[in-house]
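Q: So I've got this file, target05.txt, and it contains compact mmCIF, C-alpha atoms:
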```
# COMPACT_ATOMS: atom_id res chain seq x y z
CA MET A 1 7.09 69.14 -83.25
CA SER A 2 6.55 69.97 -86.90
CA LYS A 3 8.57 73.22 -86.76
CA TYR A 4 11.70 71.10 -86.32
CA THR A 5 11.01 68.98 -89.40
CA ARG A 6 13.77 69.56 -91.93
CA LEU A 7 12.13 69.03 -95.29
CA ALA A 8 13.89 68.34 -98.59
CA ILE A 9 12.06 68.62 -101.92
CA ALA A 10 13.78 66.41 -104.51
CA ILE A 11 13.10 67.20 -108.17
CA PRO A 12 14.37 65.15 -111.14
CA CYS A 13 15.02 67.35 -114.18
CA PHE A 14 15.54 66.35 -117.79
CA ASN A 15 15.63 69.06 -120.48
CA GLU A 16 13.66 71.50 -118.32
CA GLU A 17 15.61 74.71 -118.95
CA GLY A 18 12.39 76.71 -119.38
CA LEU A 19 10.95 75.63 -116.03
CA ILE A 20 13.81 75.75 -113.54
CA LYS A 21 13.46 79.39 -112.52
CA SER A 22 9.66 79.43 -112.16
CA THR A 23 9.61 76.06 -110.39
CA THR A 24 12.31 76.93 -107.86
CA GLU A 25 10.82 80.35 -107.14
CA ARG A 26 7.39 78.82 -106.56
CA LEU A 27 8.78 76.14 -104.23
CA LEU A 28 10.87 78.70 -102.34
CA GLU A 29 7.67 80.65 -101.72
CA LEU A 30 6.07 77.45 -100.45
CA LEU A 31 8.99 76.70 -98.13
CA ASP A 32 8.87 80.24 -96.76
CA TYR A 33 5.13 79.91 -96.18
CA LEU A 34 5.54 76.60 -94.34
CA GLU A 35 8.40 77.99 -92.26
CA LYS A 36 6.30 80.98 -91.17
CA LYS A 37 3.53 78.57 -90.14
CA GLU A 38 6.19 76.66 -88.17
CA LYS A 39 5.49 73.44 -90.05
CA ILE A 40 9.06 72.92 -91.25
CA ALA A 41 12.54 73.97 -90.13
CA SER A 42 14.29 77.03 -91.53
CA ASN A 43 17.07 74.87 -93.03
CA SER A 44 14.69 73.01 -95.33
CA TYR A 45 15.76 73.04 -98.97
CA ILE A 46 15.20 72.09 -102.61
CA TYR A 47 17.39 69.42 -104.21
CA LEU A 48 17.54 69.37 -108.04
CA ILE A 49 18.90 66.38 -109.98
CA ASP A 50 19.84 66.97 -113.61
CA ASP A 51 19.33 63.63 -115.35
CA GLY A 52 21.91 64.22 -118.11
CA SER A 53 19.96 67.00 -119.84
CA LYS A 54 20.96 67.99 -123.38
CA ASP A 55 19.84 71.61 -123.11
CA GLU A 56 20.74 74.41 -120.68
CA THR A 57 19.05 72.82 -117.67
CA TRP A 58 22.24 72.55 -115.62
CA TYR A 59 23.14 76.16 -116.42
CA GLU A 60 19.73 77.28 -115.15
CA ILE A 61 20.10 75.09 -112.07
CA ALA A 62 23.52 76.57 -111.32
CA LYS A 63 22.05 80.08 -111.55
CA ALA A 64 19.26 79.11 -109.16
CA VAL A 65 21.80 77.73 -106.68
CA ALA A 66 23.85 80.93 -106.96
CA ARG A 67 20.76 83.03 -106.19
CA HIS A 68 19.76 80.89 -103.20
CA PRO A 69 22.86 78.96 -102.02
CA HIS A 70 21.36 78.04 -98.65
CA LYS A 71 18.01 76.94 -100.03
CA ILE A 72 18.81 75.14 -103.29
CA LYS A 73 21.23 72.26 -103.79
CA ALA A 74 21.85 70.24 -106.93
CA ALA A 75 23.54 67.28 -108.56
CA LYS A 76 24.27 66.51 -112.21
CA PHE A 77 24.32 63.01 -113.72
CA LEU A 78 27.15 62.19 -116.11
CA SER A 79 24.54 60.97 -118.62
CA ASN A 80 20.84 60.19 -118.79
CA PHE A 81 20.08 57.35 -116.36
CA GLY A 82 16.30 57.77 -116.32
CA ASN A 83 13.63 59.32 -114.14
CA GLN A 84 13.55 56.52 -111.55
CA LYS A 85 17.30 56.73 -111.00
CA ALA A 86 17.06 60.51 -110.66
CA LEU A 87 14.32 60.11 -108.04
CA LEU A 88 16.45 57.58 -106.18
CA ALA A 89 19.49 59.87 -106.31
CA GLY A 90 17.37 62.75 -105.06
CA MET A 91 16.10 60.84 -102.04
CA LEU A 92 19.43 59.28 -101.11
CA GLY A 93 21.22 62.55 -101.77
CA ALA A 94 18.82 64.36 -99.43
CA LYS A 95 19.46 61.68 -96.82
CA LYS A 96 23.21 62.29 -97.16
CA ILE A 97 22.83 66.07 -96.90
CA GLY A 98 20.44 65.68 -93.99
CA CYS A 99 16.66 65.81 -93.67
CA ASP A 100 13.78 64.48 -91.61
CA ALA A 101 11.57 63.86 -94.62
CA VAL A 102 11.80 64.24 -98.39
CA VAL A 103 9.10 65.03 -100.92
CA THR A 104 9.57 64.05 -104.57
CA ILE A 105 7.74 66.04 -107.24
CA ASP A 106 8.05 66.60 -111.00
CA ALA A 107 9.82 69.69 -112.29
CA ASP A 108 6.74 70.90 -114.18
CA LEU A 109 4.71 71.12 -110.92
CA GLN A 110 1.68 69.56 -112.58
CA GLN A 111 1.33 67.74 -109.30
CA ASP A 112 -0.21 70.21 -106.85
CA GLU A 113 2.68 71.49 -104.75
CA THR A 114 0.29 73.10 -102.25
CA LYS A 115 -0.56 69.56 -101.06
CA ILE A 116 2.93 69.36 -99.54
CA GLU A 117 1.48 71.15 -96.52
CA GLU A 118 -1.04 68.32 -96.11
CA PHE A 119 1.81 65.83 -96.56
CA ILE A 120 3.55 67.48 -93.61
CA ASP A 121 0.37 67.35 -91.54
CA ARG A 122 0.03 63.60 -92.18
CA TYR A 123 3.73 63.16 -91.37
CA ASP A 124 3.21 64.96 -88.06
CA GLU A 125 0.38 62.53 -87.32
CA GLY A 126 2.89 59.68 -87.48
CA TYR A 127 2.67 58.52 -91.09
CA LYS A 128 6.06 57.61 -92.55
CA ILE A 129 4.95 57.53 -96.19
CA VAL A 130 2.37 59.86 -97.75
CA PHE A 131 1.27 59.08 -101.31
CA GLY A 132 -0.07 61.74 -103.64
CA VAL A 133 -2.96 60.22 -105.61
CA ARG A 134 -4.53 62.18 -108.46
CA ASN A 135 -8.29 62.67 -108.42
CA ASP A 136 -8.80 62.11 -112.15
CA ARG A 137 -7.07 62.04 -115.53
CA LYS A 138 -8.81 64.98 -117.22
CA THR A 139 -5.49 66.45 -118.35
CA ASP A 140 -4.42 63.22 -120.07
CA SER A 141 -5.03 62.31 -123.69
CA PHE A 142 -7.42 59.46 -124.47
CA PHE A 143 -4.50 57.18 -125.32
CA LYS A 144 -2.69 57.94 -122.06
CA LYS A 145 -5.87 57.34 -120.04
CA ILE A 146 -6.34 53.91 -121.64
CA THR A 147 -2.70 52.88 -121.22
CA ALA A 148 -2.64 54.09 -117.60
CA LEU A 149 -5.78 52.09 -116.82
CA ALA A 150 -4.27 49.03 -118.49
CA PHE A 151 -1.05 49.54 -116.50
CA TYR A 152 -2.77 49.51 -113.09
CA LYS A 153 -5.07 46.63 -114.07
CA LEU A 154 -2.13 44.55 -115.26
CA MET A 155 -0.13 45.32 -112.13
CA ALA A 156 -3.07 44.27 -109.94
CA ILE A 157 -3.54 41.02 -111.86
CA LEU A 158 0.15 40.20 -111.55
CA GLY A 159 0.17 40.89 -107.83
CA VAL A 160 2.17 44.14 -107.86
CA LYS A 161 0.44 46.29 -105.26
CA ILE A 162 0.66 50.01 -105.99
CA PRO A 163 -1.84 52.79 -105.29
CA LYS A 164 -4.00 53.50 -108.34
CA ASN A 165 -3.26 56.85 -110.02
CA HIS A 166 -0.16 57.41 -107.89
CA SER A 167 2.89 58.63 -109.78
CA ASP A 168 5.99 59.68 -107.85
CA PHE A 169 4.57 62.55 -105.83
CA ARG A 170 5.13 61.41 -102.25
CA LEU A 171 6.65 62.15 -98.87
CA VAL A 172 8.91 59.63 -97.14
CA SER A 173 10.53 59.91 -93.74
CA CYS A 174 14.20 59.52 -92.88
CA GLU A 175 13.41 56.08 -91.37
CA VAL A 176 12.15 54.94 -94.77
CA LEU A 177 15.22 56.41 -96.46
CA GLU A 178 17.44 54.34 -94.17
CA ILE A 179 15.71 51.17 -95.39
CA LEU A 180 15.75 52.36 -99.01
CA ASP A 181 19.52 52.79 -98.83
CA LYS A 182 19.87 49.08 -97.99
CA PHE A 183 18.11 47.96 -101.18
CA LYS A 184 20.87 47.67 -103.77
CA GLU A 185 18.92 46.53 -106.85
CA THR A 186 20.02 48.20 -110.06
CA ASN A 187 16.44 48.71 -111.19
CA LEU A 188 14.43 49.23 -108.03
CA PHE A 189 10.73 49.80 -108.76
CA LEU A 190 10.06 52.63 -106.33
CA ARG A 191 6.26 52.56 -106.47
CA GLY A 192 6.19 48.92 -105.49
CA PHE A 193 8.92 49.35 -102.87
CA PHE A 194 7.20 52.14 -100.96
CA HIS A 195 3.81 50.44 -101.02
CA GLU A 196 5.10 47.14 -99.67
CA ILE A 197 7.80 48.34 -97.26
CA GLY A 198 5.43 48.09 -94.29
CA PHE A 199 5.67 51.56 -92.73
CA LYS A 200 2.54 53.44 -91.70
CA GLN A 201 1.24 55.14 -94.83
CA ILE A 202 -1.68 57.19 -96.13
CA SER A 203 -2.74 58.81 -99.39
CA VAL A 204 -3.62 62.45 -100.17
CA GLN A 205 -5.79 63.37 -103.16
CA PHE A 206 -4.74 66.13 -105.54
CA ASP A 207 -5.71 67.64 -108.89
CA VAL A 208 -3.30 67.66 -111.81
CA LYS A 209 -2.55 71.04 -113.35
CA LYS A 210 -1.81 71.76 -116.98
CA ARG A 211 1.83 72.02 -117.97
CA ASN A 212 2.80 75.62 -118.79
CA VAL A 213 6.08 75.09 -120.66
CA GLY A 214 7.19 72.26 -122.96
CA LYS A 215 5.89 68.70 -123.02
CA SER A 216 6.09 65.78 -120.66
CA LYS A 217 9.24 63.68 -121.10
CA PHE A 218 7.29 60.48 -120.49
CA ASN A 219 6.31 58.68 -123.69
CA LEU A 220 4.97 55.26 -124.61
CA PHE A 221 8.47 53.76 -124.58
CA SER A 222 9.40 55.09 -121.12
CA LEU A 223 6.03 54.12 -119.64
CA THR A 224 6.33 50.62 -121.11
CA ALA A 225 9.83 50.30 -119.68
CA LEU A 226 8.50 51.38 -116.28
CA ALA A 227 5.74 48.77 -116.45
CA VAL A 228 8.17 46.01 -117.45
CA ASN A 229 10.51 47.04 -114.63
CA GLY A 230 7.64 46.87 -112.15
CA ILE A 231 6.54 43.44 -113.31
CA THR A 232 9.99 41.85 -113.42
CA SER A 233 11.00 43.44 -110.10
CA TYR A 234 7.97 42.49 -108.05
CA SER A 235 6.16 39.60 -109.71
CA VAL A 236 6.98 36.07 -110.90
CA VAL A 237 3.39 35.52 -112.06
CA PRO A 238 4.36 35.73 -115.78
CA LEU A 239 6.80 32.84 -115.29
CA LYS A 240 4.10 30.81 -113.55
CA LEU A 241 1.69 31.59 -116.39
CA ILE A 242 4.23 30.30 -118.88
CA CYS A 243 4.40 27.03 -116.95
CA VAL A 244 0.61 26.68 -116.87
CA SER A 245 0.26 27.70 -120.51
CA GLY A 246 2.92 25.19 -121.53
CA PHE A 247 1.00 22.41 -119.80
CA LEU A 248 -2.25 23.47 -121.50
CA CYS A 249 -0.55 23.59 -124.90
CA MET A 250 0.87 20.13 -124.32
CA LEU A 251 -2.61 18.91 -123.36
CA ILE A 252 -4.16 20.44 -126.47
CA GLY A 253 -1.48 18.84 -128.63
CA PHE A 254 -2.09 15.47 -126.98
CA LEU A 255 -5.87 15.72 -127.55
CA MET A 256 -5.38 16.73 -131.17
CA GLY A 257 -3.02 13.78 -131.66
CA MET A 258 -5.57 11.39 -130.11
CA TYR A 259 -8.28 12.79 -132.38
CA ALA A 260 -6.11 12.24 -135.47
CA ILE A 261 -5.39 8.63 -134.44
CA LEU A 262 -9.08 7.87 -133.74
CA ALA A 263 -10.15 9.49 -137.01
CA LYS A 264 -7.66 7.38 -138.94
CA PHE A 265 -8.24 3.95 -137.40
CA LEU A 266 -11.83 4.07 -136.14
CA TRP A 267 -13.56 6.21 -138.73
CA ASN A 268 -11.11 5.58 -141.58
CA ASP A 269 -10.79 9.30 -142.10
CA SER A 270 -7.93 11.79 -141.85
CA PRO A 271 -8.43 15.38 -140.68
CA ASP A 272 -7.87 18.11 -143.24
CA GLY A 273 -4.20 18.92 -143.07
CA TRP A 274 -2.91 22.17 -144.56
CA ALA A 275 -5.10 24.83 -143.00
CA THR A 276 -5.11 23.15 -139.60
CA ALA A 277 -1.36 22.58 -139.66
CA ILE A 278 -0.57 26.17 -140.66
CA ILE A 279 -2.89 27.69 -138.04
CA VAL A 280 -1.66 25.45 -135.23
CA THR A 281 1.99 25.86 -136.16
CA SER A 282 1.71 29.65 -136.43
CA PHE A 283 -0.15 29.93 -133.14
CA PHE A 284 2.15 27.73 -131.09
CA GLY A 285 5.26 29.10 -132.80
CA GLY A 286 4.28 32.66 -131.95
CA PHE A 287 3.28 31.62 -128.44
CA GLU A 288 6.66 29.98 -127.84
CA VAL A 289 8.52 33.08 -129.01
CA PHE A 290 6.36 35.23 -126.72
CA CYS A 291 7.15 32.98 -123.75
CA VAL A 292 10.85 33.04 -124.55
CA GLY A 293 10.62 36.84 -124.66
CA ILE A 294 9.16 36.95 -121.15
CA VAL A 295 11.89 34.67 -119.84
CA ALA A 296 14.46 36.84 -121.62
CA GLU A 297 13.19 39.94 -119.79
CA TYR A 298 13.75 38.23 -116.44
CA LEU A 299 17.18 36.99 -117.53
CA GLY A 300 18.02 40.51 -118.65
CA GLU A 301 17.11 41.88 -115.22
CA ILE A 302 19.25 39.20 -113.56
CA PHE A 303 22.11 40.03 -115.92
CA LYS A 304 21.95 43.71 -114.92
CA GLU A 305 21.84 42.89 -111.22
CA VAL A 306 24.77 40.45 -111.12
CA LYS A 307 27.11 42.93 -112.81
CA LYS A 308 26.68 45.28 -109.82
CA ARG A 309 27.25 48.39 -111.91
CA PRO A 310 26.46 51.77 -110.29
CA ARG A 311 22.86 52.84 -110.68
CA TYR A 312 23.93 56.35 -111.61
CA ILE A 313 27.09 58.47 -111.77
CA ILE A 314 27.11 61.98 -110.38
CA GLU A 315 29.40 64.28 -112.36
CA GLU A 316 29.02 67.45 -110.31
CA GLU A 317 27.31 68.62 -107.12
CA LEU A 318 26.38 72.06 -105.87
CA LEU A 319 25.88 71.81 -102.14
```
Would you give me this structure, written as structure tokens?

A:
Amino acid sequence: MSKYTRLAIAIPCFNEEGLIKSTTERLLELLDYLEKKEKIASNSYIYLIDDGSKDETWYEIAKAVARHPHKIKAAKFLSNFGNQKALLAGMLGAKKIGCDAVVTIDADLQQDETKIEEFIDRYDEGYKIVFGVRNDRKTDSFFKKITALAFYKLMAILGVKIPKNHSDFRLVSCEVLEILDKFKETNLFLRGFFHEIGFKQISVQFDVKKRNVGKSKFNLFSLTALAVNGITSYSVVPLKLICVSGFLCMLIGFLMGMYAILAKFLWNDSPDGWATAIIVTSFFGGFEVFCVGIVAEYLGEIFKEVKKRPRYIIEEELL
């Protein structure tokens, strides 16, 4: 029954000193509400992961834990390992502490935390993964809307199956966490993993709220890194495209060579040289460098994996 479901809410935090108190108090109210409705167990809790913040985030987290020692737990990274690693640490940390299901949500609560109740309802119906999918992108800038659309289109073309407009607002069961713990990749693309793992899953729509304090820590660089990680982790299509493109370039070169020979010996004419040579050389030179860059990204990912370095280092825990 749902009243025995021990729920953990894992929250990655990076330079969020101004939000910790309001966020934890709001989620504690939500947990209390769900407990009274007998949808979750009384030992459900919040788990905060400080991703190497440079401000007073850990100080604020420690104060929150001191105020609610039985309801809030926390861990601090030794340095900044990134949002995806903090999410992973939050889920695996909750598994270690003990839970039946874990919900991941951003510290700014722009994702609608009230939908967690619907997540629980879907979980009680037997779904092991519940994805939060935003209804629209009205709160995003024009640039972010365009880049997000391009991201999902590119992922679809390259065969990486992820729910459109899903970020990292989701519920996963303890059974899923057991499988997640067996995947030891250094850079595991969580969105792709959860979508393709095979467990029974469903999506829940939600509206995005405006951020009350500070600015989002995601920028063009971090979003690009996330996209590259997703592509190199779950698709070899770029490598196949390089192979096909190389064949086409070779074919074009062969046809151009045949044309030059025919023009010289059959029509006693030579093609104009300088402009054609410069354009062709520049194009194919740039194309080759681009292809080498793609291969280098894959080699870089392999290099990171074979070293078997820890994905993150926890400096301190408050349990």

Q: Quick one: pull the distance between atom CA of A:Glu125 and atom CA of A:Tyr45, Å, one decimal.

A: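 Interatomic distance here is 22.0 Å.
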
Q: Please list as number ranges by chain every residue within 10 Å of A:Asp100, counting all atoms listed in the file and excluding residues in the same chain fewer than 4 positions away.

A: A: 4-8, 40-41, 44, 94-95, 172-175, 177

Q: Take the residues just selected and output them with C-alpha atoms as a short mmCIF file (atom, residue, chain, number, x, y, z; two decimals), keeping the file's coordinate frame.

A:
```
data_model
loop_
_atom_site.label_atom_id
_atom_site.label_comp_id
_atom_site.auth_asym_id
_atom_site.auth_seq_id
_atom_site.Cartn_x
_atom_site.Cartn_y
_atom_site.Cartn_z
CA TYR A 4 11.70 71.10 -86.32
CA THR A 5 11.01 68.98 -89.40
CA ARG A 6 13.77 69.56 -91.93
CA LEU A 7 12.13 69.03 -95.29
CA ALA A 8 13.89 68.34 -98.59
CA ILE A 40 9.06 72.92 -91.25
CA ALA A 41 12.54 73.97 -90.13
CA SER A 44 14.69 73.01 -95.33
CA ALA A 94 18.82 64.36 -99.43
CA LYS A 95 19.46 61.68 -96.82
CA VAL A 172 8.91 59.63 -97.14
CA SER A 173 10.53 59.91 -93.74
CA CYS A 174 14.20 59.52 -92.88
CA GLU A 175 13.41 56.08 -91.37
CA LEU A 177 15.22 56.41 -96.46
#
```

Q: With distances taken over only C-alpha atoms, which residue among A:Phe206, A:Phe287, A:Phe254, A:Phe151 lies nearest A:Glu113?

A: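 Using only C-alpha atoms, A:Glu113 sits closest to A:Phe206.
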
Q: Between A:Leu190, A:Ile313, A:Ile294, A:Ile20, single out the one closest to A:Asp51, counting all atoms listed in the file.

A: A:Ile313

Q: Return the single residue from A:Ile197, A:Leu31, A:Ala101, A:Met91 that is closest to A:Ile72, with distances computed using all atoms listed in the file.

A: A:Leu31

Q: Nearest to A:Pro238 among A:Ile105, A:Glu297, A:Ser22, A:Asn165, with distances taken over only C-alpha atoms: which residue is it?

A: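 Of A:Ile105, A:Glu297, A:Ser22, A:Asn165, the one nearest A:Pro238, counting only C-alpha atoms, is A:Glu297.
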
Q: Between atom CA of A:His70 and atom CA of A:Phe169, what distance in Å does the model show, to one decimal?

A: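 Atom-to-atom, atom CA of A:His70 to atom CA of A:Phe169, that is 23.9 Å.
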
Q: May I ask for the distance between atom CA of A:Ile120 and atom CA of A:Val102, given in Å to one decimal place?

A: 10.1 Å

Q: Could you tell me, as a PyMOL selection string, which residues have any atom at most 9 Å from (16.9, 81.9, -107.8), counting only C-alpha atoms?

A: chain A and resi 20-22+24-25+28+61+63-69+72

Q: Which residue, A:Lys307, A:Lys115, A:Lys71, A:Lys39, has the smallest gap to A:Val204 when you use only C-alpha atoms?

A: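 Distance minimum relative to A:Val204 lands on A:Lys115.
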
Q: When you count only C-alpha atoms, which of these residues is closest to A:Leu88: A:Lys200, A:His195, A:Lys304, A:Lys184?

A: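 Using only C-alpha atoms, A:Leu88 sits closest to A:Lys184.
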
Q: Determine, counting all atoms listed in the file, which protein, DNA and RNA residues have an atom within 12 Å of an atom of stretch 290-292 of chain A; residues of the same chain fewer than 6 positions away are not included. Present the result as a list of chain:residue names.

A: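 Answer for this query is A:Pro238, A:Leu239, A:Lys240, A:Leu241, A:Ile242, A:Cys243, A:Val244, A:Ser245, A:Gly246, A:Phe283, A:Phe284, A:Tyr298, A:Leu299, A:Gly300.
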
Q: Using only C-alpha atoms, which residues sit within 6 Å of A:Ile49 once same-chain residues fewer than 4 positions away are excluded, as a VMD selection string?

A: chain A and resid 12 to 13 74 to 76
